[in-house]
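work.cif follows (mmCIF, C-alpha atoms and all ligand atoms):
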```cif
data_run
#
loop_
_atom_site.label_atom_id
_atom_site.label_comp_id
_atom_site.auth_asym_id
_atom_site.auth_seq_id
_atom_site.Cartn_x
_atom_site.Cartn_y
_atom_site.Cartn_z
CA MET A 1 0.00 0.00 0.00
CA ASN A 2 1.34 3.43 -0.90
CA ALA A 3 -0.24 6.88 -0.80
CA PHE A 4 -1.82 6.35 -4.20
CA SER A 5 -3.54 3.18 -2.93
CA LEU A 6 -5.24 5.26 -0.29
CA VAL A 7 -6.19 8.02 -2.73
CA PHE A 8 -7.62 5.44 -5.12
CA LEU A 9 -9.54 3.59 -2.41
CA ALA A 10 -10.93 6.85 -1.06
CA ALA A 11 -12.01 7.98 -4.55
CA LEU A 12 -13.62 4.60 -5.24
CA ALA A 13 -15.45 4.69 -1.91
CA ILE A 14 -16.68 8.22 -2.59
CA ALA A 15 -17.76 7.52 -6.17
CA THR A 16 -19.54 4.28 -5.23
CA GLY A 17 -21.07 5.78 -2.09
CA VAL A 18 -22.38 8.85 -3.93
CA ARG A 19 -23.82 6.70 -6.74
CA LEU A 20 -25.62 4.40 -4.32
CA TRP A 21 -26.84 7.31 -2.22
CA LEU A 22 -28.23 9.13 -5.27
CA ALA A 23 -29.96 5.97 -6.47
CA ALA A 24 -31.52 5.37 -3.05
CA ARG A 25 -32.74 8.98 -2.93
CA HIS A 26 -34.17 8.64 -6.43
CA VAL A 27 -36.20 5.54 -5.53
CA ARG A 28 -37.42 7.14 -2.30
CA HIS A 29 -38.45 10.33 -4.08
CA ILE A 30 -40.29 8.48 -6.83
CA GLN A 31 -42.10 6.21 -4.40
CA SER A 32 -43.17 9.10 -2.20
CA HIS A 33 -44.77 10.76 -5.26
CA ARG A 34 -46.31 7.53 -6.53
CA GLU A 35 -49.88 8.30 -5.52
CA ALA A 36 -50.30 11.72 -7.13
CA VAL A 37 -49.85 12.73 -10.77
CA PRO A 38 -48.14 16.17 -10.89
CA ALA A 39 -50.77 18.82 -11.59
CA ALA A 40 -49.31 19.82 -14.97
CA PHE A 41 -49.85 16.27 -16.27
CA ALA A 42 -53.08 15.42 -14.49
CA GLY A 43 -55.17 15.89 -17.63
CA ASP A 44 -53.04 13.59 -19.79
CA ILE A 45 -51.62 10.90 -17.57
CA GLY A 46 -53.81 8.73 -15.36
CA ILE A 47 -52.88 7.44 -11.93
CA ASP A 48 -52.29 3.89 -13.22
CA ALA A 49 -49.79 5.07 -15.84
CA HIS A 50 -48.12 7.24 -13.20
CA ARG A 51 -47.80 4.32 -10.77
CA LYS A 52 -46.43 2.15 -13.53
CA ALA A 53 -43.79 4.79 -14.31
CA ALA A 54 -42.86 4.97 -10.62
CA ASP A 55 -42.47 1.20 -10.32
CA TYR A 56 -40.63 0.87 -13.61
CA SER A 57 -38.15 3.65 -12.76
CA SER A 58 -37.63 2.24 -9.27
CA ALA A 59 -37.00 -1.27 -10.60
CA LYS A 60 -34.42 0.02 -13.09
CA THR A 61 -32.70 2.11 -10.43
CA ARG A 62 -32.57 -0.79 -7.95
CA LEU A 63 -30.99 -3.04 -10.57
CA ASN A 64 -28.52 -0.27 -11.28
CA MET A 65 -27.58 -0.16 -7.59
CA GLY A 66 -26.64 -3.82 -7.82
CA ALA A 67 -24.53 -3.08 -10.90
CA ILE A 68 -22.77 -0.17 -9.13
CA ALA A 69 -21.80 -2.41 -6.22
CA ILE A 70 -20.62 -5.23 -8.51
CA ASP A 71 -18.55 -2.78 -10.58
CA ALA A 72 -16.69 -1.60 -7.48
CA ILE A 73 -16.07 -5.18 -6.35
CA VAL A 74 -14.84 -6.23 -9.80
CA LEU A 75 -12.44 -3.29 -9.88
CA LEU A 76 -11.03 -4.25 -6.47
CA VAL A 77 -10.70 -7.92 -7.43
CA LEU A 78 -8.92 -7.00 -10.67
CA THR A 79 -6.44 -4.66 -8.97
CA PHE A 80 -5.82 -5.45 -5.29
CA GLY A 81 -7.15 -8.99 -5.69
CA GLY A 82 -4.54 -9.77 -8.37
CA GLY A 83 -7.11 -10.40 -11.12
CA LEU A 84 -5.40 -8.40 -13.87
CA GLN A 85 -2.07 -9.94 -12.95
CA ALA A 86 -3.53 -13.44 -13.22
CA ILE A 87 -5.11 -12.69 -16.60
CA ASP A 88 -1.81 -11.31 -17.83
CA ASN A 89 0.01 -14.45 -16.68
CA LEU A 90 -2.56 -16.54 -18.52
CA ALA A 91 -2.07 -14.48 -21.69
CA ALA A 92 1.71 -14.80 -21.33
CA SER A 93 1.38 -18.60 -21.14
CA PHE A 94 -0.23 -18.59 -24.61
CA PHE A 95 1.97 -16.08 -26.40
CA ASP A 96 5.61 -15.02 -26.31
CA GLY A 97 5.49 -11.79 -28.31
CA ASN A 98 4.44 -8.68 -26.39
CA LEU A 99 1.92 -7.63 -29.02
CA ALA A 100 0.07 -10.97 -29.12
CA ARG A 101 0.22 -11.27 -25.35
CA GLY A 102 -1.27 -7.79 -24.98
CA VAL A 103 -4.10 -8.49 -27.38
CA ALA A 104 -4.86 -11.82 -25.66
CA PHE A 105 -4.83 -10.07 -22.27
CA VAL A 106 -7.41 -7.49 -23.37
CA ALA A 107 -9.53 -10.13 -25.12
CA ILE A 108 -9.67 -12.42 -22.06
CA LEU A 109 -10.54 -9.45 -19.85
CA ALA A 110 -13.27 -8.33 -22.26
CA VAL A 111 -14.83 -11.81 -22.18
CA ILE A 112 -14.75 -11.89 -18.37
CA LEU A 113 -16.29 -8.42 -18.06
CA SER A 114 -19.09 -9.24 -20.49
CA LEU A 115 -19.82 -12.44 -18.55
CA VAL A 116 -20.12 -10.35 -15.37
CA ASP A 117 -22.51 -8.00 -17.15
CA LEU A 118 -24.59 -10.78 -18.73
CA PRO A 119 -26.91 -11.53 -15.78
CA PHE A 120 -27.69 -7.81 -15.44
CA SER A 121 -28.37 -7.51 -19.12
CA LEU A 122 -30.61 -10.59 -19.09
CA TYR A 123 -32.51 -9.42 -16.05
CA ARG A 124 -32.95 -5.93 -17.51
CA THR A 125 -34.53 -7.31 -20.68
CA PHE A 126 -36.38 -10.42 -19.52
CA GLY A 127 -37.03 -9.34 -15.94
CA ILE A 128 -37.80 -5.65 -15.86
CA GLU A 129 -38.61 -4.76 -19.49
CA ALA A 130 -40.78 -7.88 -19.83
CA ARG A 131 -42.59 -7.28 -16.52
CA PHE A 132 -43.62 -3.79 -17.63
CA GLY A 133 -44.65 -4.95 -21.08
CA PHE A 134 -41.86 -3.34 -23.12
CA ASN A 135 -39.76 -6.29 -24.14
CA LYS A 136 -40.40 -7.88 -27.53
CA MET A 137 -37.15 -9.84 -27.68
CA THR A 138 -36.81 -13.59 -27.47
CA LEU A 139 -33.82 -15.28 -25.84
CA GLY A 140 -32.74 -16.32 -29.33
CA MET A 141 -32.68 -12.70 -30.50
CA PHE A 142 -30.86 -11.62 -27.36
CA PHE A 143 -28.03 -14.07 -27.92
CA ALA A 144 -27.98 -13.41 -31.67
CA ASP A 145 -27.45 -9.71 -30.84
CA LEU A 146 -24.71 -10.64 -28.40
CA ALA A 147 -23.02 -12.81 -31.03
CA LYS A 148 -23.21 -9.99 -33.58
CA SER A 149 -21.74 -7.40 -31.23
CA SER A 150 -18.97 -9.79 -30.26
CA ALA A 151 -18.21 -10.41 -33.92
CA LEU A 152 -18.11 -6.63 -34.50
CA GLY A 153 -15.75 -6.31 -31.54
CA ILE A 154 -13.45 -8.87 -33.16
CA VAL A 155 -13.64 -7.42 -36.68
CA PHE A 156 -13.20 -3.75 -35.67
CA GLY A 157 -11.86 -3.79 -32.11
CA LEU A 158 -9.01 -6.26 -32.51
CA PRO A 159 -7.29 -4.44 -35.41
CA LEU A 160 -7.61 -1.16 -33.49
CA LEU A 161 -6.10 -2.75 -30.40
CA PHE A 162 -3.24 -4.16 -32.47
CA ALA A 163 -2.60 -0.73 -33.96
CA VAL A 164 -2.68 1.01 -30.57
CA LEU A 165 -0.33 -1.48 -28.90
CA TRP A 166 2.00 -1.42 -31.87
CA LEU A 167 2.20 2.39 -31.77
CA MET A 168 2.72 2.38 -28.00
CA ALA A 169 5.67 0.07 -28.42
CA GLY A 170 7.24 1.65 -31.49
CA MET A 171 6.68 5.41 -31.50
CA GLY A 172 8.87 6.54 -28.63
CA GLU A 173 8.02 9.42 -26.33
CA LEU A 174 5.23 10.81 -28.47
CA TRP A 175 3.34 7.52 -28.90
CA TRP A 176 0.25 9.05 -27.24
CA LEU A 177 -0.10 11.58 -30.05
CA TYR A 178 -0.07 8.84 -32.70
CA VAL A 179 -2.46 6.67 -30.73
CA TRP A 180 -4.80 9.62 -30.27
CA ALA A 181 -4.82 10.32 -34.03
CA VAL A 182 -5.56 6.67 -34.82
CA VAL A 183 -8.29 6.36 -32.19
CA VAL A 184 -10.01 9.56 -33.33
CA ALA A 185 -9.82 8.47 -36.98
CA PHE A 186 -11.29 5.12 -35.95
CA MET A 187 -14.17 6.75 -34.05
CA LEU A 188 -14.99 9.00 -37.00
CA PHE A 189 -14.85 6.03 -39.33
CA MET A 190 -17.23 4.08 -37.09
CA GLN A 191 -19.66 6.99 -36.98
CA PHE A 192 -19.50 7.17 -40.74
CA ILE A 193 -20.29 3.51 -41.31
CA ALA A 194 -22.69 3.12 -38.36
CA PRO A 195 -25.91 4.00 -40.21
CA THR A 196 -25.19 2.07 -43.37
CA VAL A 197 -23.07 -0.88 -42.23
CA ILE A 198 -23.51 -1.50 -38.49
CA ALA A 199 -27.12 -0.59 -37.67
CA PRO A 200 -28.60 -2.70 -40.52
CA LEU A 201 -27.03 -5.79 -38.91
CA PHE A 202 -29.44 -5.36 -36.02
CA ASN A 203 -32.50 -3.71 -37.54
CA LYS A 204 -34.32 -3.31 -40.80
CA PHE A 205 -34.39 0.19 -42.25
CA SER A 206 -37.03 0.91 -44.85
CA PRO A 207 -37.35 4.17 -46.74
CA MET A 208 -40.36 6.08 -45.47
CA GLN A 209 -43.43 5.45 -47.61
CA GLU A 210 -44.78 8.16 -49.88
CA GLY A 211 -47.77 9.98 -48.49
CA GLU A 212 -48.97 12.80 -46.29
CA MET A 213 -46.45 12.13 -43.52
CA LYS A 214 -43.43 12.04 -45.79
CA LYS A 215 -44.58 15.15 -47.63
CA ARG A 216 -45.02 17.11 -44.39
CA ILE A 217 -41.67 15.93 -43.04
CA GLU A 218 -39.82 16.86 -46.22
CA GLU A 219 -41.42 20.31 -46.14
CA LEU A 220 -40.26 20.79 -42.56
CA ILE A 221 -36.73 19.68 -43.44
CA ALA A 222 -36.64 22.17 -46.32
CA ARG A 223 -38.08 24.92 -44.07
CA CYS A 224 -35.24 24.31 -41.60
CA GLY A 225 -32.74 24.63 -44.43
CA PHE A 226 -31.66 20.99 -44.58
CA THR A 227 -31.28 18.61 -47.46
CA SER A 228 -31.89 15.05 -46.42
CA LYS A 229 -30.33 12.08 -48.10
CA GLY A 230 -32.83 9.73 -46.62
CA LEU A 231 -35.83 9.28 -44.37
CA PHE A 232 -35.94 5.83 -42.86
CA VAL A 233 -38.22 3.85 -40.63
CA MET A 234 -36.58 1.35 -38.29
CA ASP A 235 -38.32 -1.76 -37.01
CA GLY A 236 -37.66 -0.88 -33.36
CA SER A 237 -40.83 -2.78 -32.42
CA LYS A 238 -38.88 -5.98 -33.07
CA ARG A 239 -37.07 -5.55 -29.74
CA SER A 240 -38.96 -3.09 -27.61
CA SER A 241 -42.06 -0.93 -27.58
CA HIS A 242 -40.04 2.14 -26.53
CA GLY A 243 -40.15 4.81 -29.24
CA ASN A 244 -37.51 7.18 -30.53
CA ALA A 245 -36.24 9.20 -33.49
CA TYR A 246 -32.70 10.11 -34.34
CA PHE A 247 -30.37 11.75 -36.74
CA THR A 248 -27.34 9.72 -37.64
CA GLY A 249 -24.11 9.71 -39.60
CA PHE A 250 -22.57 12.62 -41.42
CA GLY A 251 -21.67 13.61 -44.97
CA ASN A 252 -23.22 11.28 -47.49
CA SER A 253 -24.24 8.71 -44.92
CA LYS A 254 -26.51 11.18 -43.10
CA ARG A 255 -29.90 9.74 -42.32
CA ILE A 256 -32.99 10.59 -40.37
CA VAL A 257 -34.38 7.52 -38.67
CA PHE A 258 -37.78 7.10 -37.04
CA PHE A 259 -38.63 4.10 -34.91
CA ASP A 260 -41.83 2.49 -36.20
CA THR A 261 -43.01 2.58 -32.59
CA LEU A 262 -42.80 6.39 -32.63
CA LEU A 263 -44.67 6.79 -35.91
CA SER A 264 -47.47 4.53 -34.75
CA ARG A 265 -48.12 6.52 -31.57
CA LEU A 266 -47.71 10.16 -32.55
CA GLU A 267 -49.85 12.36 -34.80
CA ILE A 268 -48.16 13.96 -37.80
CA PRO A 269 -47.74 17.44 -36.18
CA GLU A 270 -46.15 15.77 -33.12
CA ILE A 271 -43.75 13.82 -35.32
CA GLU A 272 -42.82 17.08 -37.03
CA ALA A 273 -42.10 18.67 -33.65
CA VAL A 274 -39.87 15.76 -32.59
CA LEU A 275 -37.99 15.96 -35.87
CA ALA A 276 -37.60 19.74 -35.55
CA HIS A 277 -36.01 19.13 -32.14
CA GLU A 278 -33.57 16.63 -33.67
CA LEU A 279 -32.76 19.03 -36.51
CA GLY A 280 -32.17 21.65 -33.82
CA HIS A 281 -29.37 19.54 -32.36
CA PHE A 282 -27.76 19.53 -35.75
CA ARG A 283 -28.36 23.17 -36.60
CA MET A 284 -27.16 24.42 -33.20
CA ARG A 285 -23.94 22.49 -33.82
CA HIS A 286 -24.44 20.23 -30.82
CA VAL A 287 -23.25 17.25 -32.81
CA VAL A 288 -20.04 19.00 -33.82
CA LYS A 289 -19.45 20.34 -30.29
CA ARG A 290 -19.83 16.89 -28.79
CA LEU A 291 -17.45 15.48 -31.36
CA ALA A 292 -14.90 18.22 -30.57
CA LEU A 293 -15.22 17.52 -26.85
CA MET A 294 -14.65 13.84 -27.49
CA VAL A 295 -11.57 14.56 -29.62
CA VAL A 296 -10.05 16.84 -26.95
CA SER A 297 -10.83 14.57 -23.99
CA THR A 298 -9.32 11.61 -25.84
CA LEU A 299 -6.15 13.63 -26.31
CA VAL A 300 -5.99 14.50 -22.60
CA PHE A 301 -6.65 10.86 -21.76
CA PHE A 302 -3.75 9.49 -23.80
CA TRP A 303 -1.40 12.30 -22.81
CA LEU A 304 -2.08 11.57 -19.14
CA LEU A 305 -1.53 7.87 -19.77
CA GLY A 306 1.77 8.79 -21.36
CA VAL A 307 2.77 10.65 -18.20
CA LEU A 308 1.58 7.97 -15.78
CA MET A 309 2.74 4.83 -17.50
CA ASP A 310 6.34 5.23 -16.39
CA GLN A 311 5.46 5.95 -12.77
CA ALA A 312 6.08 2.98 -10.51
CA TRP A 313 3.77 4.35 -7.78
CA PHE A 314 0.78 4.16 -10.14
CA TYR A 315 1.18 0.38 -10.58
CA GLU A 316 2.42 -0.42 -7.11
CA GLY A 317 -0.45 1.55 -5.61
CA LEU A 318 -2.85 -0.76 -7.46
CA HIS A 319 -0.89 -3.94 -6.68
CA ILE A 320 0.32 -4.44 -10.25
CA ALA A 321 3.90 -5.51 -10.89
CA PHE A 322 6.10 -2.74 -12.34
CA PRO A 323 7.29 -2.50 -15.10
CA ALA A 324 4.05 -3.64 -16.73
CA THR A 325 3.17 -4.38 -20.37
CA ASN A 326 1.66 -1.61 -22.48
CA ALA A 327 -1.62 -3.49 -22.59
CA MET A 328 -1.67 -3.60 -18.79
CA SER A 329 -1.02 0.16 -18.57
CA LEU A 330 -3.78 0.85 -21.06
CA VAL A 331 -6.35 -1.34 -19.32
CA LEU A 332 -5.44 -0.17 -15.84
CA PHE A 333 -5.76 3.44 -16.88
CA PHE A 334 -9.11 2.80 -18.59
CA MET A 335 -10.47 1.24 -15.42
CA VAL A 336 -9.06 3.70 -12.90
CA VAL A 337 -9.71 7.03 -14.63
CA PRO A 338 -13.54 6.86 -14.38
CA VAL A 339 -13.24 6.59 -10.58
CA PHE A 340 -11.66 10.05 -10.60
CA THR A 341 -13.63 11.66 -13.45
CA PHE A 342 -16.90 10.58 -11.88
CA LEU A 343 -17.36 14.05 -10.41
CA LEU A 344 -17.37 15.52 -13.93
CA GLN A 345 -20.61 13.64 -14.59
CA PRO A 346 -22.92 16.45 -13.38
CA LEU A 347 -21.08 18.93 -15.63
CA MET A 348 -21.55 16.69 -18.66
CA ALA A 349 -25.20 16.17 -17.79
CA MET A 350 -25.71 19.91 -17.41
CA TYR A 351 -24.07 20.55 -20.77
CA SER A 352 -26.37 18.00 -22.38
CA ARG A 353 -29.49 19.49 -20.76
CA LYS A 354 -28.48 22.91 -22.06
CA HIS A 355 -28.44 21.42 -25.55
CA GLU A 356 -31.87 19.91 -25.02
CA PHE A 357 -33.32 23.30 -24.08
CA GLU A 358 -31.69 24.85 -27.14
CA ALA A 359 -33.07 22.15 -29.42
CA ASP A 360 -36.53 22.65 -27.91
CA GLU A 361 -36.29 26.38 -28.59
CA TYR A 362 -35.25 25.65 -32.15
CA ALA A 363 -38.17 23.28 -32.60
CA ALA A 364 -40.55 25.92 -31.26
CA ARG A 365 -39.42 28.29 -33.99
CA PHE A 366 -40.40 25.90 -36.78
CA THR A 367 -43.31 23.97 -35.31
CA PRO A 368 -45.91 24.92 -32.67
CA ALA A 369 -44.39 24.43 -29.20
CA ARG A 370 -47.64 22.77 -28.06
CA ASP A 371 -47.08 19.94 -30.56
CA LEU A 372 -43.76 19.12 -28.95
CA VAL A 373 -45.43 19.25 -25.53
CA HIS A 374 -48.06 16.75 -26.69
CA ALA A 375 -45.41 14.52 -28.22
CA LEU A 376 -43.30 14.58 -25.04
CA VAL A 377 -46.25 13.81 -22.78
CA LYS A 378 -47.14 10.83 -24.97
CA LEU A 379 -43.54 9.63 -25.00
CA TYR A 380 -43.22 9.99 -21.21
CA LYS A 381 -46.43 8.05 -20.79
CA ASP A 382 -45.64 5.30 -23.31
CA ASN A 383 -42.06 4.88 -22.09
CA ALA A 384 -43.19 4.97 -18.44
CA SER A 385 -40.54 7.61 -17.70
CA THR A 386 -40.89 9.08 -14.26
CA LEU A 387 -42.34 12.59 -13.99
CA THR A 388 -40.99 12.96 -10.46
CA PRO A 389 -37.24 12.21 -10.45
CA ASP A 390 -35.21 13.09 -7.38
CA PRO A 391 -33.89 16.60 -8.20
CA LEU A 392 -30.34 15.81 -7.11
CA HIS A 393 -30.24 12.50 -9.00
CA SER A 394 -31.58 14.29 -12.06
CA ALA A 395 -29.04 17.12 -11.79
CA PHE A 396 -26.24 14.58 -11.51
CA TYR A 397 -27.13 12.19 -14.32
CA ASP A 398 -29.95 13.30 -16.58
CA SER A 399 -29.05 14.15 -20.14
CA HIS A 400 -32.57 15.51 -20.58
CA PRO A 401 -34.27 18.06 -18.33
CA PRO A 402 -36.99 16.70 -16.02
CA ALA A 403 -40.39 16.55 -17.74
CA SER A 404 -42.00 19.26 -15.64
CA ILE A 405 -39.26 21.83 -16.25
CA ARG A 406 -38.92 21.03 -19.92
CA ILE A 407 -42.63 21.24 -20.58
CA ALA A 408 -43.06 24.41 -18.52
CA ARG A 409 -40.43 26.06 -20.73
CA LEU A 410 -42.20 24.92 -23.87
CA GLU A 411 -45.56 26.17 -22.57
CA GLN A 412 -43.87 29.51 -22.00
CA LEU A 413 -42.56 29.49 -25.59
CA ALA A 414 -46.04 28.60 -26.82
CA ARG A 415 -47.43 31.72 -25.15
CA THR A 416 -44.87 34.16 -26.58
ZN ZN A 501 -32.66 16.15 -27.83
#
```
How does the structure come out when it is put into structure tokens?
Amino acid sequence: MNAFSLVFLAALAIATGVRLWLAARHVRHIQSHREAVPAAFAGDIGIDAHRKAADYSSAKTRLNMGAIAIDAIVLLVLTFGGGLQAIDNLAASFFDGNLARGVAFVAILAVILSLVDLPFSLYRTFGIEARFGFNKMTLGMFFADLAKSSALGIVFGLPLLFAVLWLMAGMGELWWLYVWAVVVAFMLFMQFIAPTVIAPLFNKFSPMQEGEMKKRIEELIARCGFTSKGLFVMDGSKRSSHGNAYFTGFGNSKRIVFFDTLLSRLEIPEIEAVLAHELGHFRMRHVVKRLALMVVSTLVFFWLLGVLMDQAWFYEGLHIAFPATNAMSLVLFFMVVPVFTFLLQPLMAMYSRKHEFEADEYAARFTPARDLVHALVKLYKDNASTLTPDPLHSAFYDSHPPASIRIARLEQLART
């Protein structure tokens, strides 16, 4: 144990404690508001739907509390418990070369971590989602999805890992700059191929059918000054009855995608309002800003790894033998950094909520604000999202403003 061990343990205890405390508050708050629909929604959402939302949100949060605790335990087992060291020894028994050993090390760890996550994932889908009537997946589909994502991890992740480890070993002092460039290029490439290559492996995308809806949507897109390469409908109902719409890709692969579940529930003006909100994210440059933030934070991440990876105290503090392999440094850093950056979470959430307000304002300029209100109320109801989150929990995590605040702002816009 050195000073860094204590700092790390204290940070882990704080991060885990705060997470669990926030979750417990959230459940308590929701349950204490279970019997009364907030006045602003009383006309649209009945008490049964409100209770369902309370129970659904509580169930998800309770499961999450279990996951938070397991995550902390896994991290301790992997570091102080000698887990990473054991996996590295196993990898070394298969391969002599550092590169192959590093790749095997990460691959074995990835398999172990996904096995730890599997029960949570299964329970989320077939326990909670099924109990509240959202799940449409069969076990067969679940494991087919898992097989596909694993295959994608092998096809895209392994070559990236090889490249990163190779650069770390061969590029001298400035390796982190090369690795950063490669990782950013990889992320951009993935975003580029996501709509046309990756997403179709999981869902069917059909061009939106000609008719009133398509005509109205195209008019809105033109009014907002966009040219769209494609309007698509995704068979989201295959897996879940939750609805959504999104804007994806960039350049020539740009697409606007509507879940079939969204189109079947909302009226045309409401769909227009939801789309105007999504276009707002694009027009207000939220997409570009997020991308820039990601590029910069990745640079800081690898630079810091470059500084830390030669420091014996970093490894010894976490009970890892020093000197360690590059793969070990990479993995260790990936696992330890979130414990310390956890307190940035509320800042990120606040930034995201600011964007949501801006996109709502944008939508209100091109479509009646009331239409977005109606759409949101329907979505909250259909998705059984809680209307009464704990304010502190919401401030800490929520990427979207709480329903009451968001809708009050829109009502205000509707009046002006
Ligand atoms: Zn949004």
Problem set entry | Shell around His29 in chain A at 7 Å using all atoms listed in the file, local window under 4 positions removed, as an NGL selection string | :A and (25 or 33 or 389-390)
Deliver the residues from the most recent selection as a file, using C-alpha atoms, as a compact mmCIF listing (two decimals), in the coordinates of the input.
```txt
# COMPACT_ATOMS: atom_id res chain seq x y z
CA ARG A 25 -32.74 8.98 -2.93
CA HIS A 33 -44.77 10.76 -5.26
CA PRO A 389 -37.24 12.21 -10.45
CA ASP A 390 -35.21 13.09 -7.38
```
For this session: List every protein, DNA or RNA residue that has at least one atom no more than 8 Å from (-33.7, 3.0, -2.9) in the file's coordinates, counting all atoms listed in the file, and write the result as a PyMOL selection string.
Result: chain A and resi 23-28+58+61-62
Exercise. If you count all atoms listed in the file, which residues end up within 12 Å of ligand ZN 501 (chain A), as a PyMOL selection string?
Worked result: chain A and resi 244-247+273-282+284+286-287+351-363+372+376+398-401+406
Once you have the residues from the selection above, write them out as a JSON list (two decimals), in the coordinates of the input, restricted to C-alpha atoms.
```json
[["chain", "number", "residue", "atom", "x", "y", "z"],
["A", 244, "ASN", "CA", -37.51, 7.18, -30.53],
["A", 245, "ALA", "CA", -36.24, 9.20, -33.49],
["A", 246, "TYR", "CA", -32.70, 10.11, -34.34],
["A", 247, "PHE", "CA", -30.37, 11.75, -36.74],
["A", 273, "ALA", "CA", -42.10, 18.67, -33.65],
["A", 274, "VAL", "CA", -39.87, 15.76, -32.59],
["A", 275, "LEU", "CA", -37.99, 15.96, -35.87],
["A", 276, "ALA", "CA", -37.60, 19.74, -35.55],
["A", 277, "HIS", "CA", -36.01, 19.13, -32.14],
["A", 278, "GLU", "CA", -33.57, 16.63, -33.67],
["A", 279, "LEU", "CA", -32.76, 19.03, -36.51],
["A", 280, "GLY", "CA", -32.17, 21.65, -33.82],
["A", 281, "HIS", "CA", -29.37, 19.54, -32.36],
["A", 282, "PHE", "CA", -27.76, 19.53, -35.75],
["A", 284, "MET", "CA", -27.16, 24.42, -33.20],
["A", 286, "HIS", "CA", -24.44, 20.23, -30.82],
["A", 287, "VAL", "CA", -23.25, 17.25, -32.81],
["A", 351, "TYR", "CA", -24.07, 20.55, -20.77],
["A", 352, "SER", "CA", -26.37, 18.00, -22.38],
["A", 353, "ARG", "CA", -29.49, 19.49, -20.76],
["A", 354, "LYS", "CA", -28.48, 22.91, -22.06],
["A", 355, "HIS", "CA", -28.44, 21.42, -25.55],
["A", 356, "GLU", "CA", -31.87, 19.91, -25.02],
["A", 357, "PHE", "CA", -33.32, 23.30, -24.08],
["A", 358, "GLU", "CA", -31.69, 24.85, -27.14],
["A", 359, "ALA", "CA", -33.07, 22.15, -29.42],
["A", 360, "ASP", "CA", -36.53, 22.65, -27.91],
["A", 361, "GLU", "CA", -36.29, 26.38, -28.59],
["A", 362, "TYR", "CA", -35.25, 25.65, -32.15],
["A", 363, "ALA", "CA", -38.17, 23.28, -32.60],
["A", 372, "LEU", "CA", -43.76, 19.12, -28.95],
["A", 376, "LEU", "CA", -43.30, 14.58, -25.04],
["A", 398, "ASP", "CA", -29.95, 13.30, -16.58],
["A", 399, "SER", "CA", -29.05, 14.15, -20.14],
["A", 400, "HIS", "CA", -32.57, 15.51, -20.58],
["A", 401, "PRO", "CA", -34.27, 18.06, -18.33],
["A", 406, "ARG", "CA", -38.92, 21.03, -19.92]]
```
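Taking CA of Arg285 in chain A and CA of Arg223 in chain A as the two end points, the separation is 17.6 Å.
CA of Gln85 in chain A is found 17.6 Å from CA of Gln311 in chain A.
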Exercise. For Ser264 in chain A, which residue among A:Leu84, A:Leu379, A:Leu75, A:Leu343 is the nearest when counting only C-alpha atoms?
Worked result: A:Leu379
For this session: Mind giving me the straight-line distance from CA of Leu266 in chain A to CA of Ser121 in chain A in Å, one decimal?
Result: 29.4 Å
